[in-house]
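One file, run05.txt, is given below (compact mmCIF, C-alpha atoms).
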# COMPACT_ATOMS: atom_id res chain seq x y z
CA MET A 290 101.01 133.83 128.07
CA ALA A 291 97.84 133.25 130.14
CA ILE A 292 96.89 129.91 128.61
CA ARG A 293 95.15 127.34 130.80
CA TYR A 294 95.34 123.82 129.39
CA ASP A 295 93.52 120.85 130.82
CA ARG A 296 92.98 117.40 129.34
CA SER A 297 90.87 114.76 131.06
CA VAL A 298 89.51 111.30 130.27
CA ILE A 299 85.69 111.26 130.08
CA GLY A 300 85.23 107.67 128.97
CA GLU A 301 86.96 104.78 127.22
CA GLY A 302 88.97 106.27 124.37
CA MET A 303 87.40 109.69 124.98
CA THR A 304 89.01 112.89 126.22
CA LEU A 305 87.94 116.45 126.92
CA THR A 306 90.52 119.15 126.23
CA GLN A 307 90.06 122.71 127.49
CA ILE A 308 92.34 125.50 126.28
CA ILE A 309 91.40 128.78 127.88
CA ASP A 310 92.83 132.29 127.44
CA PRO A 311 90.82 135.27 128.76
CA LYS A 312 91.90 137.46 125.84
CA TYR A 313 89.72 135.50 123.39
CA LYS A 314 86.13 136.65 122.88
CA THR A 315 84.75 133.46 121.34
CA ASN A 316 84.80 129.75 122.08
CA ILE A 317 85.36 126.86 119.71
CA VAL A 318 83.78 123.50 120.46
CA ARG A 319 85.13 120.67 118.37
CA VAL A 320 84.23 116.98 118.39
CA ARG A 321 86.67 114.73 116.54
CA PHE A 322 86.43 111.04 115.72
CA VAL A 323 89.74 109.32 114.94
CA VAL A 324 90.01 105.93 113.23
CA PRO A 325 92.65 104.17 111.13
CA VAL A 326 92.55 105.20 107.48
CA ASP A 327 90.43 102.71 105.56
CA PRO A 328 90.17 103.66 101.86
CA ASP A 329 86.84 101.88 101.68
CA ASN A 330 85.33 104.13 104.35
CA THR A 331 87.12 107.49 104.15
CA GLY A 332 84.56 108.96 101.78
CA ALA A 333 81.67 107.66 103.89
CA ASN A 334 83.18 109.23 107.01
CA SER A 335 83.58 112.58 105.30
CA LEU A 336 80.05 112.40 103.90
CA LEU A 337 78.67 111.44 107.30
CA MET A 338 80.16 114.50 109.02
CA SER A 339 78.69 116.86 106.43
CA LEU A 340 75.30 115.21 106.90
CA LEU A 341 75.40 115.55 110.69
CA VAL A 342 75.72 119.34 110.51
CA THR A 343 72.92 119.71 107.95
CA SER A 344 69.98 118.94 110.24
CA ASN A 345 69.05 117.02 113.38
CA SER A 346 66.02 115.32 114.91
CA GLU A 347 64.70 118.61 116.27
CA VAL A 348 65.53 120.96 113.39
CA LYS A 349 65.05 118.95 110.21
CA SER A 350 65.59 121.76 107.71
CA ARG A 351 69.05 122.87 106.63
CA SER A 352 67.91 126.47 106.32
CA GLU A 353 66.13 126.38 109.69
CA LEU A 354 69.22 124.98 111.41
CA SER A 355 71.37 127.70 109.86
CA SER A 356 68.81 130.27 110.99
CA LYS A 357 68.85 128.76 114.48
CA PHE A 358 72.58 129.23 114.78
CA MET A 359 72.48 132.70 113.27
CA GLY A 360 69.97 133.61 115.96
CA LEU A 361 72.57 132.58 118.53
CA TYR A 362 74.65 135.65 117.68
CA GLY A 363 76.05 134.20 114.48
CA THR A 364 77.17 130.88 115.91
CA SER A 365 78.58 128.74 113.10
CA ILE A 366 78.80 124.97 112.73
CA GLY A 367 80.58 122.89 110.12
CA SER A 368 82.18 119.55 109.43
CA ILE A 369 85.90 118.81 109.47
CA SER A 370 87.82 115.95 107.89
CA GLY A 371 91.44 115.19 107.22
CA ASN A 372 94.13 112.57 107.60
CA VAL A 373 96.68 112.65 110.40
CA SER A 374 99.49 110.21 109.62
CA ASP A 375 97.81 106.82 109.20
CA TYR A 376 94.53 107.96 110.74
CA GLN A 377 91.44 109.81 109.55
CA ALA A 378 90.22 112.53 111.89
CA MET A 379 86.79 114.00 111.20
CA GLY A 380 84.03 115.63 113.15
CA ILE A 381 82.06 118.78 113.90
CA SER A 382 83.35 122.23 114.79
CA MET A 383 81.37 125.11 116.28
CA ASN A 384 82.34 128.73 116.90
CA MET A 385 80.31 131.02 119.16
CA ILE A 386 80.67 134.34 120.94
CA MET A 387 81.18 134.25 124.72
CA ASP A 388 78.01 134.70 126.75
CA LYS A 389 79.31 137.84 128.45
CA TYR A 390 79.44 139.66 125.10
CA THR A 391 75.78 139.08 124.28
CA ILE A 392 73.13 141.72 124.92
CA GLY A 393 72.42 141.62 128.63
CA GLY A 394 74.71 138.61 129.10
CA GLU A 395 72.27 136.21 127.45
CA VAL A 396 73.44 132.61 127.82
CA ILE A 397 73.70 131.19 124.30
CA SER A 398 76.47 128.64 124.85
CA GLU A 399 74.21 125.97 126.34
CA GLU A 400 71.65 126.12 123.53
CA ALA A 401 74.42 126.09 120.93
CA VAL A 402 76.02 123.04 122.51
CA ARG A 403 72.61 121.37 122.89
CA GLN A 404 72.09 121.70 119.15
CA LEU A 405 75.59 120.36 118.48
CA LEU A 406 74.86 117.34 120.69
CA LEU A 407 71.61 116.75 118.81
CA CYS A 408 73.59 116.72 115.55
CA VAL A 409 75.99 114.15 117.00
CA PHE A 410 73.66 111.90 118.98
CA SER A 411 70.23 112.53 117.47
CA PRO A 412 70.65 113.22 113.76
CA ASP A 413 67.86 113.54 111.22
CA ILE A 414 67.07 109.84 110.81
CA THR A 415 63.77 108.26 109.76
CA ASP A 416 63.21 104.49 109.42
CA GLY A 417 66.92 103.84 109.84
CA LYS A 418 67.98 106.27 107.11
CA PHE A 419 69.35 109.77 107.02
CA ASN A 420 67.29 112.46 105.30
CA GLU A 421 67.29 111.18 101.72
CA ASN A 422 67.32 114.59 100.08
CA TYR A 423 70.29 115.79 102.12
CA PHE A 424 72.02 112.43 101.64
CA LYS A 425 71.92 112.95 97.86
CA LEU A 426 73.01 116.60 98.11
CA ARG A 427 75.93 115.89 100.41
CA LYS A 428 77.04 112.93 98.31
CA GLN A 429 77.13 115.20 95.27
CA GLU A 430 79.18 117.72 97.25
CA LEU A 431 81.65 114.94 98.08
CA LEU A 432 81.88 114.02 94.40
CA ASP A 433 82.38 117.69 93.52
CA ASN A 434 85.20 117.97 96.06
CA ILE A 435 86.90 114.91 94.60
CA ALA A 436 86.62 116.39 91.11
CA ALA A 437 87.99 119.71 92.38
CA SER A 438 91.06 117.95 93.79
CA VAL A 439 91.87 116.77 90.25
CA ASN A 440 91.26 120.16 88.69
CA ASP A 441 93.61 121.82 91.18
CA LYS A 442 96.91 120.62 89.70
CA ARG A 443 99.01 121.32 92.79
CA THR A 444 96.59 119.36 94.99
CA TYR A 445 96.39 116.55 92.47
CA ALA A 446 100.19 116.35 92.20
CA PHE A 447 100.49 116.25 95.99
CA ILE A 448 97.93 113.44 96.22
CA LYS A 449 99.73 111.40 93.55
CA ALA A 450 103.11 112.04 95.17
CA LYS A 451 101.81 110.77 98.51
CA GLU A 452 100.59 107.59 96.83
CA VAL A 453 104.16 106.89 95.75
CA ILE A 454 105.92 108.08 98.91
CA TYR A 455 103.65 106.08 101.24
CA GLU A 456 102.95 103.13 98.95
CA GLY A 457 101.47 100.29 100.99
CA GLU A 458 100.76 102.56 103.97
CA PRO A 459 97.42 104.05 105.10
CA ALA A 460 98.89 107.54 104.69
CA ALA A 461 98.88 107.02 100.93
CA HIS A 462 95.12 107.54 100.82
CA THR A 463 93.10 110.75 100.88
CA ASP A 464 90.35 111.49 103.40
CA PHE A 465 87.67 111.54 100.70
CA GLY A 466 88.47 108.43 98.67
CA THR A 467 87.74 107.87 94.99
CA ALA A 468 84.79 109.09 92.95
CA GLU A 469 83.80 105.51 92.18
CA ARG A 470 83.67 104.61 95.87
CA ALA A 471 81.85 107.81 96.78
CA GLU A 472 79.22 107.15 94.14
CA SER A 473 78.54 103.70 95.57
CA ILE A 474 78.01 104.77 99.21
CA THR A 475 74.62 103.60 100.48
CA GLN A 476 72.41 104.70 103.36
CA GLU A 477 72.99 101.34 105.04
CA GLU A 478 76.76 101.76 104.91
CA LEU A 479 76.48 105.27 106.30
CA MET A 480 74.36 104.14 109.23
CA ALA A 481 76.77 101.31 110.02
CA GLN A 482 79.70 103.72 109.92
CA TYR A 483 77.87 106.18 112.17
CA LYS A 484 77.34 103.48 114.81
CA TYR A 485 80.96 102.32 114.47
CA LEU A 486 82.33 105.81 115.12
CA LEU A 487 80.23 106.28 118.25
CA GLU A 488 81.20 102.86 119.59
CA SER A 489 84.83 102.45 118.57
CA ALA A 490 86.51 105.65 117.36
CA VAL A 491 88.87 107.62 119.56
CA ILE A 492 86.85 110.72 120.43
CA ASP A 493 88.35 114.06 121.42
CA VAL A 494 86.12 116.91 122.55
CA THR A 495 87.94 120.25 122.55
CA VAL A 496 86.81 123.58 123.98
CA CYS A 497 89.15 126.44 123.10
CA GLY A 498 88.67 130.16 123.64
CA GLY A 499 87.81 132.59 126.40
CA GLY A 500 86.03 129.96 128.47
CA GLU A 501 83.35 130.79 131.05
CA ILE A 502 81.00 128.13 129.67
CA ASP A 503 81.02 125.63 132.53
CA GLY A 504 77.37 124.72 131.93
CA ALA A 505 78.02 123.83 128.29
CA VAL A 506 81.15 121.87 129.21
CA ALA A 507 79.14 119.89 131.77
CA MET A 508 76.61 119.08 129.03
CA LEU A 509 79.40 117.77 126.80
CA LYS A 510 80.87 115.61 129.56
CA ASP A 511 77.49 114.18 130.49
CA ALA A 512 76.48 113.34 126.91
CA PHE A 513 79.70 111.58 125.93
CA SER A 514 80.11 109.76 129.25
CA LYS A 515 76.84 107.93 128.51
CA LEU A 516 78.14 106.43 125.26
CA GLU A 517 78.31 102.63 125.16
CA ARG A 518 81.79 101.81 123.87
CA LYS A 519 83.35 98.61 122.59
CA ASN A 520 86.42 97.58 120.59
CA VAL A 521 87.84 101.11 120.82
CA VAL A 522 90.68 101.58 118.35
CA LYS A 523 94.23 102.18 119.53
CA VAL A 524 96.00 105.15 118.01
CA THR A 525 99.76 105.51 117.61
CA TYR A 526 100.19 108.67 115.58
CA ARG A 527 103.93 108.50 114.95
CA THR A 528 104.45 105.63 112.52
CA LEU A 529 107.59 106.27 110.51
CA SER A 530 107.49 105.57 106.80
CA ALA A 531 109.99 102.92 105.73
CA LEU A 532 112.82 104.01 103.44
CA LYS A 533 112.64 102.33 100.03
CA SER A 534 115.53 100.07 99.04
CA GLU A 535 116.26 102.43 96.17
CA VAL A 536 115.00 105.85 95.14
CA CYS A 537 111.64 105.56 93.40
CA VAL A 538 111.26 107.90 90.43
CA LYS A 539 107.83 108.30 88.86
CA GLU A 540 106.31 110.68 86.34
CA GLU A 541 102.78 111.41 85.25
CA PHE A 542 101.78 113.56 82.29
CA MET A 543 98.94 116.03 82.48
CA ASP A 544 97.65 119.15 80.79
CA VAL A 545 99.62 121.63 82.93
CA LYS A 546 101.80 124.58 81.98
CA GLN A 547 104.23 124.11 84.86
CA CYS A 548 105.64 120.82 86.10
CA LYS A 549 105.06 119.97 89.78
CA MET A 550 107.93 118.11 91.42
CA PHE A 551 108.08 116.46 94.84
CA MET A 552 111.23 114.96 96.33
CA ALA A 553 110.84 113.01 99.56
CA TYR A 554 113.56 112.30 102.11
CA LYS A 555 113.00 109.94 105.03
CA SER A 556 114.59 109.67 108.46
CA SER A 557 114.06 108.05 111.86
CA TYR A 558 115.69 110.97 113.69
CA GLU A 559 113.92 111.21 117.05
CA ASP A 560 113.98 114.93 117.90
CA ILE A 561 111.20 116.42 115.80
CA TYR A 562 112.14 120.01 116.68
CA VAL A 563 115.65 119.59 115.31
CA CYS A 564 114.04 118.18 112.16
CA LYS A 565 111.67 121.14 111.93
CA LEU A 566 114.55 123.60 112.28
CA MET A 567 116.67 121.75 109.73
CA SER A 568 113.82 121.62 107.20
CA CYS A 569 113.12 125.32 107.69
CA LEU A 570 116.81 126.14 107.21
CA LEU A 571 116.72 124.14 103.98
CA GLY A 572 113.51 125.47 102.45
CA GLY A 573 111.09 127.02 104.89
CA SER A 574 111.65 130.74 104.43
CA ALA A 575 112.55 133.46 101.93
CA PHE A 576 116.16 133.25 103.13
CA SER A 577 116.44 129.45 103.09
CA LYS A 578 119.00 127.47 101.11
CA LEU A 579 116.52 126.33 98.48
CA PHE A 580 114.97 129.75 97.96
CA LEU A 581 118.23 131.69 97.73
CA ASN A 582 120.16 129.19 95.64
CA VAL A 583 117.83 127.00 93.58
CA ARG A 584 115.15 129.62 92.94
CA GLU A 585 116.92 132.98 93.06
CA LYS A 586 120.56 132.33 92.12
CA LEU A 587 120.09 129.50 89.61
CA SER A 588 116.51 130.36 88.53
CA LEU A 589 115.68 126.68 88.16
CA CYS A 590 112.18 126.78 89.62
CA TYR A 591 109.27 129.08 90.32
CA GLY A 592 109.09 128.02 93.94
CA CYS A 593 111.05 125.58 96.10
CA ASP A 594 110.00 124.76 99.66
CA SER A 595 110.49 121.98 102.16
CA TYR A 596 108.06 120.64 104.76
CA TYR A 597 108.63 118.14 107.54
CA SER A 598 105.98 115.55 108.39
CA GLU A 599 106.98 114.53 111.89
CA LEU A 600 104.51 111.67 112.28
CA LYS A 601 105.90 109.88 109.22
CA GLY A 602 109.53 111.06 109.41
CA VAL A 603 109.34 112.55 105.92
CA MET A 604 110.77 115.80 104.58
CA LEU A 605 108.99 116.80 101.39
CA ILE A 606 110.59 119.24 98.96
CA GLU A 607 108.08 120.79 96.58
CA SER A 608 108.90 122.86 93.52
CA GLY A 609 107.34 124.19 90.35
CA VAL A 610 109.67 123.81 87.38
CA ASP A 611 109.80 123.95 83.60
CA ALA A 612 110.27 120.56 81.96
CA VAL A 613 113.71 121.51 80.61
CA ASN A 614 114.95 122.24 84.13
CA ILE A 615 113.71 119.15 85.96
CA GLU A 616 117.02 117.28 86.14
CA LYS A 617 119.01 120.43 86.87
CA ALA A 618 116.60 121.35 89.67
CA GLN A 619 116.87 117.89 91.17
CA GLU A 620 120.66 118.05 91.26
CA ALA A 621 120.62 121.58 92.69
CA ILE A 622 118.24 120.48 95.45
CA ARG A 623 120.42 117.49 96.24
CA GLU A 624 123.43 119.82 96.49
CA GLN A 625 121.66 121.96 99.07
CA VAL A 626 120.70 118.91 101.13
CA LYS A 627 124.31 117.72 100.94
CA SER A 628 125.50 121.16 102.02
CA LEU A 629 123.43 120.95 105.21
CA GLN A 630 124.71 117.44 105.84
CA GLU A 631 128.25 118.82 105.69
CA GLY A 632 127.48 121.74 107.98
CA GLY A 633 127.39 124.25 105.14
CA PHE A 634 125.55 127.03 106.97
CA THR A 635 126.61 129.93 109.15
CA GLU A 636 125.68 130.68 112.74
CA GLU A 637 123.85 133.75 111.47
CA GLU A 638 121.76 131.66 109.07
CA LEU A 639 120.89 129.29 111.90
CA GLU A 640 119.92 132.11 114.27
CA ASN A 641 117.81 133.83 111.62
CA THR A 642 115.98 130.57 110.97
CA LYS A 643 115.42 130.10 114.68
CA MET A 644 113.90 133.57 114.96
CA PHE A 645 111.69 132.91 111.93
CA ILE A 646 110.36 129.59 113.19
CA LYS A 647 109.85 130.93 116.72
CA SER A 648 107.87 133.84 115.35
CA ASN A 649 105.59 131.39 113.57
CA PHE A 650 105.14 129.36 116.75
CA MET A 651 104.32 132.43 118.84
CA ALA A 652 101.71 133.55 116.28
CA ASN A 653 99.55 130.65 117.43
CA TYR A 654 98.61 132.69 120.50
CA ASP A 655 96.78 135.17 118.25
CA SER A 656 93.87 132.88 117.40
CA GLU A 657 91.81 130.32 119.28
CA TRP A 658 91.68 128.32 116.05
CA ASP A 659 95.46 128.19 115.91
CA MET A 660 95.74 127.33 119.59
CA ALA A 661 93.30 124.46 119.15
CA ALA A 662 95.39 123.18 116.23
CA TRP A 663 98.60 123.68 118.25
CA TYR A 664 97.43 121.48 121.11
CA ARG A 665 95.92 118.96 118.72
CA ALA A 666 99.43 118.53 117.30
CA GLN A 667 100.84 118.36 120.82
CA ASP A 668 98.42 115.57 121.64
CA SER A 669 99.60 113.57 118.62
CA ARG A 670 103.12 113.80 120.11
CA GLY A 671 102.06 112.89 123.63
CA THR A 672 103.17 116.31 124.92
CA ALA A 673 101.52 119.54 126.05
CA TYR A 674 104.18 122.18 125.40
CA THR A 675 103.18 125.81 125.04
CA PRO A 676 104.59 127.77 122.09
CA ASP A 677 106.91 129.52 124.57
CA GLU A 678 108.28 126.20 125.75
CA VAL A 679 108.89 125.01 122.21
CA CYS A 680 110.69 128.28 121.44
CA ASP A 681 113.02 127.52 124.35
CA ILE A 682 113.63 124.07 122.84
CA ILE A 683 114.46 125.66 119.48
CA ASP A 684 116.89 128.10 121.14
CA ARG A 685 118.87 125.22 122.63
CA ILE A 686 119.39 123.37 119.34
CA THR A 687 123.00 123.42 118.18
CA ALA A 688 124.54 123.54 114.72
CA GLU A 689 125.98 120.08 115.35
CA GLN A 690 122.49 118.70 115.99
CA VAL A 691 121.19 120.23 112.77
CA THR A 692 124.06 118.68 110.79
CA GLU A 693 123.57 115.31 112.45
CA CYS A 694 119.86 115.48 111.70
CA ALA A 695 120.43 116.40 108.04
CA LYS A 696 122.77 113.41 107.63
CA SER A 697 120.01 111.06 108.79
CA PHE A 698 117.70 111.99 105.89
CA LYS A 699 117.94 109.74 102.83
CA GLU A 700 116.34 110.35 99.45
CA ASP A 701 113.33 108.09 98.94
CA THR A 702 111.05 109.33 96.15
CA VAL A 703 110.94 111.71 93.21
CA PHE A 704 107.52 112.35 91.70
CA VAL A 705 106.94 114.74 88.81
CA LEU A 706 103.63 115.79 87.32
CA LYS A 707 104.90 116.77 83.87
CA ALA A 708 103.42 118.99 81.23
CA LYS A 709 102.40 117.30 78.02
CA GLU A 710 104.59 118.29 75.09
CA ASP A 711 101.75 120.22 73.45
CA THR A 712 101.20 122.35 76.59
CA ALA A 713 104.74 122.77 77.89
CA ASP A 714 105.44 125.88 75.82
CA GLU A 715 102.05 127.58 76.23
Written as structure tokens, that's how I'd like the structure from this file.
Amino acid sequence: MAIRYDRSVIGEGMTLTQIIDPKYKTNIVRVRFVVPVDPDNTGANSLLMSLLVTSNSEVKSRSELSSKFMGLYGTSIGSISGNVSDYQAMGISMNMIMDKYTIGGEVISEEAVRQLLLCVFSPDITDGKFNENYFKLRKQELLDNIAASVNDKRTYAFIKAKEVIYEGEPAAHTDFGTAERAESITQEELMAQYKYLLESAVIDVTVCGGGEIDGAVAMLKDAFSKLERKNVVKVTYRTLSALKSEVCVKEEFMDVKQCKMFMAYKSSYEDIYVCKLMSCLLGGSAFSKLFLNVREKLSLCYGCDSYYSELKGVMLIESGVDAVNIEKAQEAIREQVKSLQEGGFTEEELENTKMFIKSNFMANYDSEWDMAAWYRAQDSRGTAYTPDEVCDIIDRITAEQVTECAKSFKEDTVFVLKAKEDTADE
């Protein structure tokens, strides 16, 4: 594939990543700030990013800023926020059409990036405070998002499961914090956090797409290279979660019709690609062990999937079950894990899983958004493999490696969000 990847240092704790493929017709520009997860500030960070894309010192109206970007051939801008292992990564993302596809080759990339830089470095601030009206609106949006995470039972169950799995670790916290903390965020706190991110956060500027925007890239380099930096945080993405001395089993009751169950296994196995293949063989496809046996053959759950979190060394098995089948489902899942640990899979099953996972990897080439995410994950690993190169790695994995990997995973946590007795039979 014709991908050009380049990553360079543009200042202390700051990098510029360019991922270019001529087949794309748009460019993504993304600015990310990365800091250790601090439950007292996660909500403020998320709120801050949403404020920065609402207005800036030049365009102080939300509607006028939206109109400005729409006039640049539908350029879009938005905030991003999420946790990566023990770190919170948040920022601004922009998507714009390449200049050569505008009418008469009009150069829009530089004006779009200029507006983005205004949002980052010259936000809508008066007398040391962000626009008060937008501050209140965005805070309410944050509160609404927190409430929505409770109303979505699967999301809520996942959040609660993580609290148990990663107890005592930064990864246990969400990227938006609690409603109580969000409600208490002040303008002064927000301004202090804004200054902290510019001074001390790890900053990654990513340009991904068809390229041909050297002028805009030069603007990005120039703006960020002028930042005064101090006490820049150090980021080590892969911080394995410690195995508990004994399996922790917790339940929480809620008004749900279907129980949500999460079983976590932990390992310090080094080769993440063997772990990914093993997890996919267990529960990552419609022909996986969990799907064919626990869901289809035994009919013990509505869905049963496994996911591998490489940065924490955790394999999470998620299922939706009826209350009467919880214990049976747990034992059936454990049997499938044990089967892998004993080499209970055929060469055909392994090859089919390899083809499935490779197909998913190769699909990243189809979208500049996916390619940006692909290389963001590569960066967290300290590598820069292309999807093709990772497919070659997958091809070389042996059955013995998969078995050895499976043996290294130990059960750590079982969390169940259970239906109340009065709703279980509805």
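Minimum distance to A:Ala531 across A:Met379, A:Ala553, A:Met387, A:Leu579 (counting all atoms listed in the file) occurs at A:Ala553.
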Quick one: of A:Leu570, A:Val326, A:Ile309, A:Ile492, who's nearest to A:Thr463, counting only C-alpha atoms?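 Result for the nearest residue to A:Thr463: A:Val326.
Comparing A:Tyr558, A:Tyr445, A:Tyr664, A:Tyr596 by their smallest distance to A:Lys699, the closest is A:Tyr558 (using all atoms listed in the file).
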In the coordinates of the file, take the point (123.7, 120.9, 98.5) and a cut-off of 12 Å; then, counting only C-alpha atoms, name each qualifying protein, DNA or RNA residue as a PyMOL selection string. chain A and resi 571-572+578-579+582-583+618-634+695-696
Among the residues A:Thr675, A:Asn440, A:Asn316, A:Asn422, the one that comes closest to A:Glu657 [using all atoms listed in the file]: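 Closest to A:Glu657 of all the choices is A:Asn316.
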Please indicate the distance in Å from atom CA of A:Glu700 to atom CA of A:Thr687, rounded to one decimal place.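 Between atom CA of A:Glu700 and atom CA of A:Thr687 the gap works out to 23.8 Å.
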Would you list the contacts of stretch 359-361 of chain A as a VMD selection string, taking every protein, DNA or RNA residue within 12 Å and counting only C-alpha atoms, but skipping same-chain residues closer than 6 positions in sequence? chain A and resid 352 to 353 383 to 388 390 to 392 395 to 402 404
If I take atom CA of A:Arg427 and atom CA of A:Ser335, how far is one from the other in Å, to one decimal?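 Atom CA of A:Ser335 lies 9.7 Å from atom CA of A:Arg427.
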Go through stretch 552-611 of chain A residue by residue and, counting all atoms listed in the file, keep those with an atom at most 10 Å from stretch 533-545 of chain A; for each kept residue give the shortest atom pair and its distance in Å to one decimal, ordered by chain and increasing number, as CSV.
residue,atom,partner,partner_atom,distance
A:Met552,CA,A:Val538,CA,9.2
A:Ala553,CA,A:Val536,CA,9.4
A:Tyr554,CA,A:Val536,CA,9.6
A:Lys555,CA,A:Lys533,CA,9.1
Show me, as a list in words, the residues that have an atom within 7 Å of A:Val324 when counting only C-alpha atoms, minus same-chain residues fewer than 5 positions from it.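 The filter keeps Tyr376, Gln377, Ala378, Ala490, Val491 and Val522 of chain A.
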Write out as an MDAnalysis selection string which residues come within 8 Å of A:Gln690 when counting all atoms listed in the file, dropping same-chain ones fewer than 4 positions away. chainID A and resid 563 686 694
List the spatial neighbours of stretch 679-682 of chain A as a compact mmCIF listing (two decimals) with C-alpha atoms, in the frame of the given file - criterion: any atom at most 8 Å away, only C-alpha atoms, same-chain residues fewer than 6 positions off excluded.
# COMPACT_ATOMS: atom_id res chain seq x y z
CA TYR A 562 112.14 120.01 116.68
CA LYS A 647 109.85 130.93 116.72
CA PHE A 650 105.14 129.36 116.75
Counting only C-alpha atoms, which residue out of A:Val506, A:Ile646, A:Val524, A:Ala673 sits closest to A:Ile317? A:Val506
Missing atoms in stretch 558-570 of chain A: fill them in up to N, CA, C and O atoms and send the result as a tab-separated table (two decimals), in the frame of the given file.
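Output saved as result33.tsv:
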chain	number	residue	atom	x	y	z
A	558	TYR	N	115.13	110.08	112.67
A	558	TYR	CA	115.69	110.97	113.69
A	558	TYR	C	114.60	111.29	114.72
A	558	TYR	O	113.49	111.67	114.37
A	559	GLU	N	114.93	111.15	116.00
A	559	GLU	CA	113.92	111.21	117.05
A	559	GLU	C	113.45	112.62	117.38
A	559	GLU	O	112.26	112.85	117.61
A	560	ASP	N	114.35	113.58	117.44
A	560	ASP	CA	113.98	114.93	117.90
A	560	ASP	C	113.28	115.69	116.78
A	560	ASP	O	113.92	116.21	115.86
A	561	ILE	N	111.97	115.80	116.88
A	561	ILE	CA	111.20	116.42	115.80
A	561	ILE	C	111.50	117.91	115.67
A	561	ILE	O	111.39	118.48	114.58
A	562	TYR	N	111.89	118.56	116.75
A	562	TYR	CA	112.14	120.01	116.68
A	562	TYR	C	113.45	120.32	115.98
A	562	TYR	O	113.57	121.34	115.30
A	563	VAL	N	114.42	119.45	116.11
A	563	VAL	CA	115.65	119.59	115.31
A	563	VAL	C	115.31	119.40	113.84
A	563	VAL	O	115.79	120.14	112.97
A	564	CYS	N	114.46	118.42	113.55
A	564	CYS	CA	114.04	118.18	112.16
A	564	CYS	C	113.30	119.38	111.59
A	564	CYS	O	113.51	119.77	110.43
A	565	LYS	N	112.41	119.97	112.39
A	565	LYS	CA	111.67	121.14	111.93
A	565	LYS	C	112.62	122.30	111.62
A	565	LYS	O	112.46	123.00	110.60
A	566	LEU	N	113.60	122.51	112.49
A	566	LEU	CA	114.55	123.60	112.28
A	566	LEU	C	115.40	123.33	111.05
A	566	LEU	O	115.63	124.23	110.23
A	567	MET	N	115.85	122.11	110.89
A	567	MET	CA	116.67	121.75	109.73
A	567	MET	C	115.90	121.94	108.43
A	567	MET	O	116.41	122.52	107.46
A	568	SER	N	114.65	121.49	108.40
A	568	SER	CA	113.82	121.62	107.20
A	568	SER	C	113.57	123.09	106.88
A	568	SER	O	113.57	123.48	105.71
A	569	CYS	N	113.36	123.89	107.91
A	569	CYS	CA	113.12	125.32	107.69
A	569	CYS	C	114.38	126.00	107.16
A	569	CYS	O	114.31	126.87	106.29
A	570	LEU	N	115.54	125.61	107.68
A	570	LEU	CA	116.81	126.14	107.21
A	570	LEU	C	117.02	125.78	105.74
A	570	LEU	O	117.53	126.59	104.94
